[in-house]
Amino acid sequence: MSLIAAALVFLAQDRGPEILERHCTECHNAKTHKGDLDVTTRAALLASGALSPGKARDSKLWRSASHLDEPHMPPRRPKLSAADLQDLARWIDTDAPYARTLTVPAAAAPEPWAFRPLRPGSLASLDRGSPVDRRRLLRRVTFDLTGLPPTPEEIDTFLRDESPGAYEKVVDRLLASPRYGERWARHWLDVARYSDSCGYESDFDRKSAWPYRDAVIRAFNEDLPFDTFLKFQLAGDQLDREHPLSLPLTGFATCGPEVETTPTDSARNKEKYRMDELDDIVSTMGQAFLGLTVGCARCHDHKYDPISSKEYYQLVAAFAPTRAVELPLDPAERRLREWVESRRETEREARLAAIPIPEIEKVVLRAPRSPNHALSVQLYNRFGEKLTVSDVQLRATLSEAERKTWDELSAAAKGGAANVLALVEGAPRKTWRLARGDVDEKQEEVTPSGFRVLEGRPDRDWSRPRVALGEWMTDVEKGAGRLVARVAVNRLWQHHFGHGLVGTPNDFGAQGEAPTDPELLDGLARALIDNGWRLKPLQRRIVLSARYQSARRPVRLEAEAVRDAVLAVSGRLNPTMYGPATRIRIPADAIATRSKNEYPKNVVDGPEQWRRSVYVFLKRSVRVPFFEVYDAPAASASCGRRSCTTVAPQALLLLNDPFIRDAAKEFARRAGGVDAAFRLALGRPPSSQELEAARRLDLVDLCHVLFTLNEFVYVD
């Protein structure tokens with residue numbers, strides 16, 4: 001090598017890192033690592049796969065900078081000069097040496113606030129405020145914690161009790177009420193996009209979806225720690241399967257919209273539908289627990305948040321092996337069924353193998369009989385009976401020891417247990433990063449992991465991916481726990497004050513709103529963690545605070561709370577908890593869909609229909625008009641904050657809906673007079689002017705009018 005050439009190589013060794021510092025480290029550093037690329041150290045650059053030492057033209061780094069490959073770098077800026085590209089190539093060709101860790105420009109975007117460690121925080125601002133009158137406070141806290149109005153007796157008891165702890169006794173009573181879980185479960189079901197049907201054109205009913213709703217209610221009533229609540233929803237089937245909530249809470253992943261497939265759908269279509277299901281799970285999980293729009297990284301690196309496309313697919317990889325199955329709710333019944341059915345399936349598969357038909361037809365017979373699929377019907381008509389393995393036939397294939405085990409399991413099972421649509425682990429599956437989210441554009445294979453910006457450390461044990469994911473998400477020091485806690489307490493604050501400390505509860509990223517009081521948000525998050533992730537003690541602290549008891553702007557009740565208040569005031573509310581959803585009366589015009597399971601058009605109002613609204617059957621293709629007009633979400637995606645509109649149809653519904661008129665008649669019979677009617681509906685006696693006007697009305701008409709008042713549908 002000539003002296004001049006050697007000098008050029010020597011200079012390039014310094015010029016290469018200098019070029020990276022000028023053009024790359026702002027976006028590609030240990031914190032932001034856009035495109036899953038960190039150029040600040042040689043080891044990090046090698047780990048990204050963007051560098052082929054000694055081979056500049058084979059290196060993704062140089063080819064992107066030269067605009068030979070996409071993405072062109074640096075983005076939205078001029079291409080590097082010819083001299084810079086030449087020096088960068090020489091540096092790579094001389095093995096890309098680093099003399100030091102590269103620096104990140106001071107002007108680079110700071111780490112997003114949501115990803116920073118929790119500060120000590122402070123709850124001092126909770127203790128400032130002037131209390132409102134006691135009657136208004138009781139109505140506020142009762143609706144907030146139970147979703148129902150206080151009874152006249154509860155109001156009178158509270159107003160008479162002048163002891164210092166009177167309000168505390170009310171709060172403790174409400175937190176212990178089973179109505180608390182029904183109220184707060186409804187908030188979470190919005191986030192979890194819960195519905196009783198699968199959506200899309202067929203919109204099949206899901207007869208075993210409701211145990212998830214019940215499990216959420218029980219979790220809130222029992223004050224299940226939020227970190228356990230999260231872990232059960234991701235991997236309850238692999239954690240404590242004897243816990244009554246662990247398996248049904250996996251319904252979080254199964255209650256999203258689902259496309260109906262047929263046995264002969266092409267492999268590509270099935271793969272595409274499956275990817276859409278996985279995207280729904282990962283996107284909902286990201287918004288619900290992390291407050292991040294993770295789904296935006298399906299097709300490309302997130303444009304605003306430090307989440308790469310590769311990291312998105314690492315989350316997908318955690319759920320790729322899973323499948324949704326119906327299992328008994330009762331653990332003993334579940335053990336029996338799993339033991340028997342695994343052996344029944346082995347015998348059925350042996351029979352199927354002996355039938356001389358093409359493999360594609362065997363694939364159809366491995367799937368359940370599809371009445372809308374001609375080949376499935378034909379094959380089941382021919383071979384269905386032969387493939388049916390009765391209990392008697394199955395027992396004949398078992399050993400004496402196996403038959404004894406069967407009998408012991410049967411004795412322990414209760415029989416007749418309801419089923420739950422649960423998520424369970426299936427066969428291992430490979431996952432690839434998909435270019436532009438296209439199943440035909442598979443790139444490198446990926447394995448489960450978390451986000452690097454949230455300490456997604458590679459040394460964490462990911463052998464059970466969903467279990468590890470739950471551990472990572474609730475790890476405050478070396479995982480996403482600080483962000484999860486912030487998101488959780490912000491939801492509490494939102495439902496108590498009408499607006500979160502972060503106004504975008506499902507988006508804590510760069511496109512979301514910054515917290516109005518970061519110190520309070522971190523103080524609440526720290527309090528949640530320090531109290532073992534239990535929500536009730538934190539809610540108790542919030543509603544006992546001077547800030548909560550002070551004046552606030554009026555908050556309109558949600559659709560379900562309006563309906564429940566009508567039922568409660570009229571005396572019709574059926575307090576029966578849990579169990580399958582109930583279908584309420586819906587106008588025939590609202591039922592005209594192409595759904596495979598038609599919503600009944602002849603529902604007659606009665607006690608079963610007068611259960612709380614959280615138990616109403618929610619069919620994605622048949623919106624309940626009462627709920628829709630009051631801004632209930634469509635359950636097509638996670639809803640962190642409902643709209644709150646004020647439109648004419650709301651008033652017209654309260655004036656004209658037969659449900660309201662019928663309730664007004666029952667309300668009038670219950671009240672028996674004007675004074676009692678006001679106390680039941682509004683929690684106060686009528687003024688002299690109201691009393692004079694009310695006496696000119698029929699009592700049923702008066703009760704109907706009370707249902708239409710702003711004072712009835714608003715708190716404060």
# chains A, B, ... in the order shown; residues from 1 in each chain; ligands from 1
>>> residues_around(residues="Phe617 (chain A)", least_positions_apart="3", cutoff="9 Å", atoms="only C-alpha atoms", output="list of chain:residue names")
A:Ser195, A:Asp196, A:Ser197, A:Pro580, A:Ala581, A:Thr582, A:Arg583, A:Ile584, A:Ser613, A:Val614
>>> write_last_selection(atoms="C-alpha atoms", output="compact mmCIF listing (two decimals), in the first residue's frame")
# COMPACT_ATOMS: atom_id res chain seq x y z
CA SER A 195 -68.31 -8.15 23.00
CA ASP A 196 -70.54 -11.24 22.99
CA SER A 197 -70.10 -11.82 19.24
CA PRO A 580 -74.76 -15.51 30.46
CA ALA A 581 -75.65 -12.16 28.96
CA THR A 582 -79.27 -11.09 28.65
CA ARG A 583 -80.80 -9.78 25.41
CA ILE A 584 -82.94 -6.71 25.86
CA SER A 613 -76.35 -3.04 31.81
CA VAL A 614 -72.96 -4.72 32.19
>>> residues_around(residues="Ser376 (chain A)", least_positions_apart="5", cutoff="9 Å", atoms="only C-alpha atoms", output="MDAnalysis selection string")
chainID A and resid 262:263 361 364:365 367:371 381
>>> residues_around(residues="Thr576 (chain A)", least_positions_apart="3", cutoff="12 Å", atoms="only C-alpha atoms", output="MDAnalysis selection string")
chainID A and resid 178:179 182 572:573 579:582 607:615
>>> select_by_dssp(residues="region 515-627 of chain A", states="strand (DSSP E or B)", output="ChimeraX atom specification")
/A:550,555-556,574,582,611,616,619,622
>>> atom_distance(atom1="CA of Arg135 (chain A)", atom2="CA of Asp716 (chain A)")
10.3 Å
>>> residues_around(residues="Ala559 (chain A)", least_positions_apart="5", cutoff="8 Å", atoms="only C-alpha atoms", output="list in words")
Phe626, Phe627, Glu628, Val629, Tyr630, Asp631 and Ala632 of chain A
>>> residues_around(residues="region 20-35 of chain A", least_positions_apart="3", cutoff="8 Å", atoms="only C-alpha atoms", output="VMD selection string")
chain A and resid 16 to 17 38 to 40 74 102 to 105 108 to 109 111 301 306 to 310 452 to 453
>>> residues_around(residues="region 475-481 of chain A", least_positions_apart="6", cutoff="12 Å", atoms="only C-alpha atoms", output="ChimeraX atom specification")
/A:114-118,226-228,230-231,286,289-292,449-460,468-469,487-488,525-526,528-530,533
>>> select_by_dssp(residues="region 309-447 of chain A", states="alpha helix (DSSP H)", output="number ranges by chain")
A: 309-319, 331-353, 359-366, 374-387, 391-396, 400-412
>>> closest_residue(among="A:Ala176, A:Val340, A:Trp113, A:Glu311", to="Ala510 (chain A)", atoms="only C-alpha atoms")
A:Trp113
>>> atom_distance(atom1="CA of Phe220 (chain A)", atom2="CA of Trp188 (chain A)")
9.9 Å
>>> residues_around(residues="Lys665 (chain A)", least_positions_apart="5", cutoff="9 Å", atoms="only C-alpha atoms", output="PyMOL selection string")
chain A and resi 570+660+670+699-701+703-704
>>> write_last_selection(atoms="C-alpha atoms", output="PDB file, in the first residue's frame")
ATOM      1  CA  SER A 570     -88.163   2.745  39.235  1.00  0.00           C
ATOM      2  CA  ILE A 660     -88.405   4.865  29.757  1.00  0.00           C
ATOM      3  CA  ARG A 670     -93.204   3.144  43.813  1.00  0.00           C
ATOM      4  CA  LEU A 699     -97.578  11.550  38.563  1.00  0.00           C
ATOM      5  CA  VAL A 700     -96.482   9.211  35.728  1.00  0.00           C
ATOM      6  CA  ASP A 701     -95.785  12.249  33.523  1.00  0.00           C
ATOM      7  CA  CYS A 703     -91.723  10.758  36.848  1.00  0.00           C
ATOM      8  CA  HIS A 704     -91.065  10.651  33.105  1.00  0.00           C
TER       9      HIS A 704
END
>>> decode(residues="region 89-160 of chain A", atoms="C-alpha atoms", output="PDB file, in the first residue's frame")
ATOM      1  CA  ALA A  89     -16.881   2.743   2.734  1.00  0.00           C
ATOM      2  CA  ARG A  90     -13.148   2.856   3.537  1.00  0.00           C
ATOM      3  CA  TRP A  91     -13.920   2.719   7.262  1.00  0.00           C
ATOM      4  CA  ILE A  92     -16.136  -0.349   6.846  1.00  0.00           C
ATOM      5  CA  ASP A  93     -13.615  -2.004   4.523  1.00  0.00           C
ATOM      6  CA  THR A  94     -10.912  -1.570   7.181  1.00  0.00           C
ATOM      7  CA  ASP A  95     -13.059  -3.546   9.691  1.00  0.00           C
ATOM      8  CA  ALA A  96     -14.986  -0.502  11.062  1.00  0.00           C
ATOM      9  CA  PRO A  97     -12.858   0.182  14.162  1.00  0.00           C
ATOM     10  CA  TYR A  98     -14.219   2.224  17.096  1.00  0.00           C
ATOM     11  CA  ALA A  99     -11.804   4.103  19.326  1.00  0.00           C
ATOM     12  CA  ARG A 100     -14.607   5.217  21.671  1.00  0.00           C
ATOM     13  CA  THR A 101     -18.354   5.196  22.233  1.00  0.00           C
ATOM     14  CA  LEU A 102     -19.941   7.700  19.874  1.00  0.00           C
ATOM     15  CA  THR A 103     -21.695  10.715  21.353  1.00  0.00           C
ATOM     16  CA  VAL A 104     -25.342  11.613  20.906  1.00  0.00           C
ATOM     17  CA  PRO A 105     -26.022  15.246  19.913  1.00  0.00           C
ATOM     18  CA  ALA A 106     -27.206  17.419  22.763  1.00  0.00           C
ATOM     19  CA  ALA A 107     -30.041  18.567  20.532  1.00  0.00           C
ATOM     20  CA  ALA A 108     -31.333  15.014  20.097  1.00  0.00           C
ATOM     21  CA  ALA A 109     -34.850  14.436  21.344  1.00  0.00           C
ATOM     22  CA  PRO A 110     -34.876  13.618  25.067  1.00  0.00           C
ATOM     23  CA  GLU A 111     -36.173  10.289  26.279  1.00  0.00           C
ATOM     24  CA  PRO A 112     -40.005  10.385  26.190  1.00  0.00           C
ATOM     25  CA  TRP A 113     -41.460  11.282  29.586  1.00  0.00           C
ATOM     26  CA  ALA A 114     -43.516   8.089  29.813  1.00  0.00           C
ATOM     27  CA  PHE A 115     -40.395   5.894  29.634  1.00  0.00           C
ATOM     28  CA  ARG A 116     -38.402   7.670  32.320  1.00  0.00           C
ATOM     29  CA  PRO A 117     -37.933   6.158  35.787  1.00  0.00           C
ATOM     30  CA  LEU A 118     -40.578   7.045  38.350  1.00  0.00           C
ATOM     31  CA  ARG A 119     -39.756  10.069  40.431  1.00  0.00           C
ATOM     32  CA  PRO A 120     -40.657  10.015  44.127  1.00  0.00           C
ATOM     33  CA  GLY A 121     -43.718  12.032  43.158  1.00  0.00           C
ATOM     34  CA  SER A 122     -46.119  13.682  45.549  1.00  0.00           C
ATOM     35  CA  LEU A 123     -49.767  13.407  46.517  1.00  0.00           C
ATOM     36  CA  ALA A 124     -49.764  16.829  48.175  1.00  0.00           C
ATOM     37  CA  SER A 125     -52.071  18.351  45.562  1.00  0.00           C
ATOM     38  CA  LEU A 126     -54.775  15.869  46.625  1.00  0.00           C
ATOM     39  CA  ASP A 127     -55.147  17.721  49.898  1.00  0.00           C
ATOM     40  CA  ARG A 128     -56.150  21.066  48.419  1.00  0.00           C
ATOM     41  CA  GLY A 129     -59.762  22.081  47.802  1.00  0.00           C
ATOM     42  CA  SER A 130     -62.984  23.272  49.415  1.00  0.00           C
ATOM     43  CA  PRO A 131     -65.672  20.634  49.996  1.00  0.00           C
ATOM     44  CA  VAL A 132     -69.008  20.705  48.193  1.00  0.00           C
ATOM     45  CA  ASP A 133     -72.243  20.134  50.102  1.00  0.00           C
ATOM     46  CA  ARG A 134     -72.623  16.648  51.564  1.00  0.00           C
ATOM     47  CA  ARG A 135     -75.677  15.695  49.510  1.00  0.00           C
ATOM     48  CA  ARG A 136     -73.866  16.371  46.239  1.00  0.00           C
ATOM     49  CA  LEU A 137     -70.739  14.591  47.480  1.00  0.00           C
ATOM     50  CA  LEU A 138     -72.705  11.452  48.363  1.00  0.00           C
ATOM     51  CA  ARG A 139     -74.355  11.332  44.936  1.00  0.00           C
ATOM     52  CA  ARG A 140     -70.942  11.832  43.279  1.00  0.00           C
ATOM     53  CA  VAL A 141     -69.056   9.130  45.176  1.00  0.00           C
ATOM     54  CA  THR A 142     -71.921   6.630  44.959  1.00  0.00           C
ATOM     55  CA  PHE A 143     -72.156   6.926  41.190  1.00  0.00           C
ATOM     56  CA  ASP A 144     -68.356   6.912  40.836  1.00  0.00           C
ATOM     57  CA  LEU A 145     -67.862   3.735  42.849  1.00  0.00           C
ATOM     58  CA  THR A 146     -71.034   1.772  42.053  1.00  0.00           C
ATOM     59  CA  GLY A 147     -72.632   3.368  38.975  1.00  0.00           C
ATOM     60  CA  LEU A 148     -75.955   3.675  40.836  1.00  0.00           C
ATOM     61  CA  PRO A 149     -77.675   6.575  42.644  1.00  0.00           C
ATOM     62  CA  PRO A 150     -77.788   6.668  46.444  1.00  0.00           C
ATOM     63  CA  THR A 151     -81.130   5.696  47.946  1.00  0.00           C
ATOM     64  CA  PRO A 152     -83.104   8.217  50.018  1.00  0.00           C
ATOM     65  CA  GLU A 153     -82.321   6.115  53.093  1.00  0.00           C
ATOM     66  CA  GLU A 154     -78.578   6.258  52.392  1.00  0.00           C
ATOM     67  CA  ILE A 155     -78.791  10.018  51.913  1.00  0.00           C
ATOM     68  CA  ASP A 156     -80.712  10.558  55.158  1.00  0.00           C
ATOM     69  CA  THR A 157     -78.304   8.329  57.120  1.00  0.00           C
ATOM     70  CA  PHE A 158     -75.276  10.226  55.819  1.00  0.00           C
ATOM     71  CA  LEU A 159     -76.788  13.660  56.419  1.00  0.00           C
ATOM     72  CA  ARG A 160     -77.700  12.712  60.008  1.00  0.00           C
TER      73      ARG A 160
END
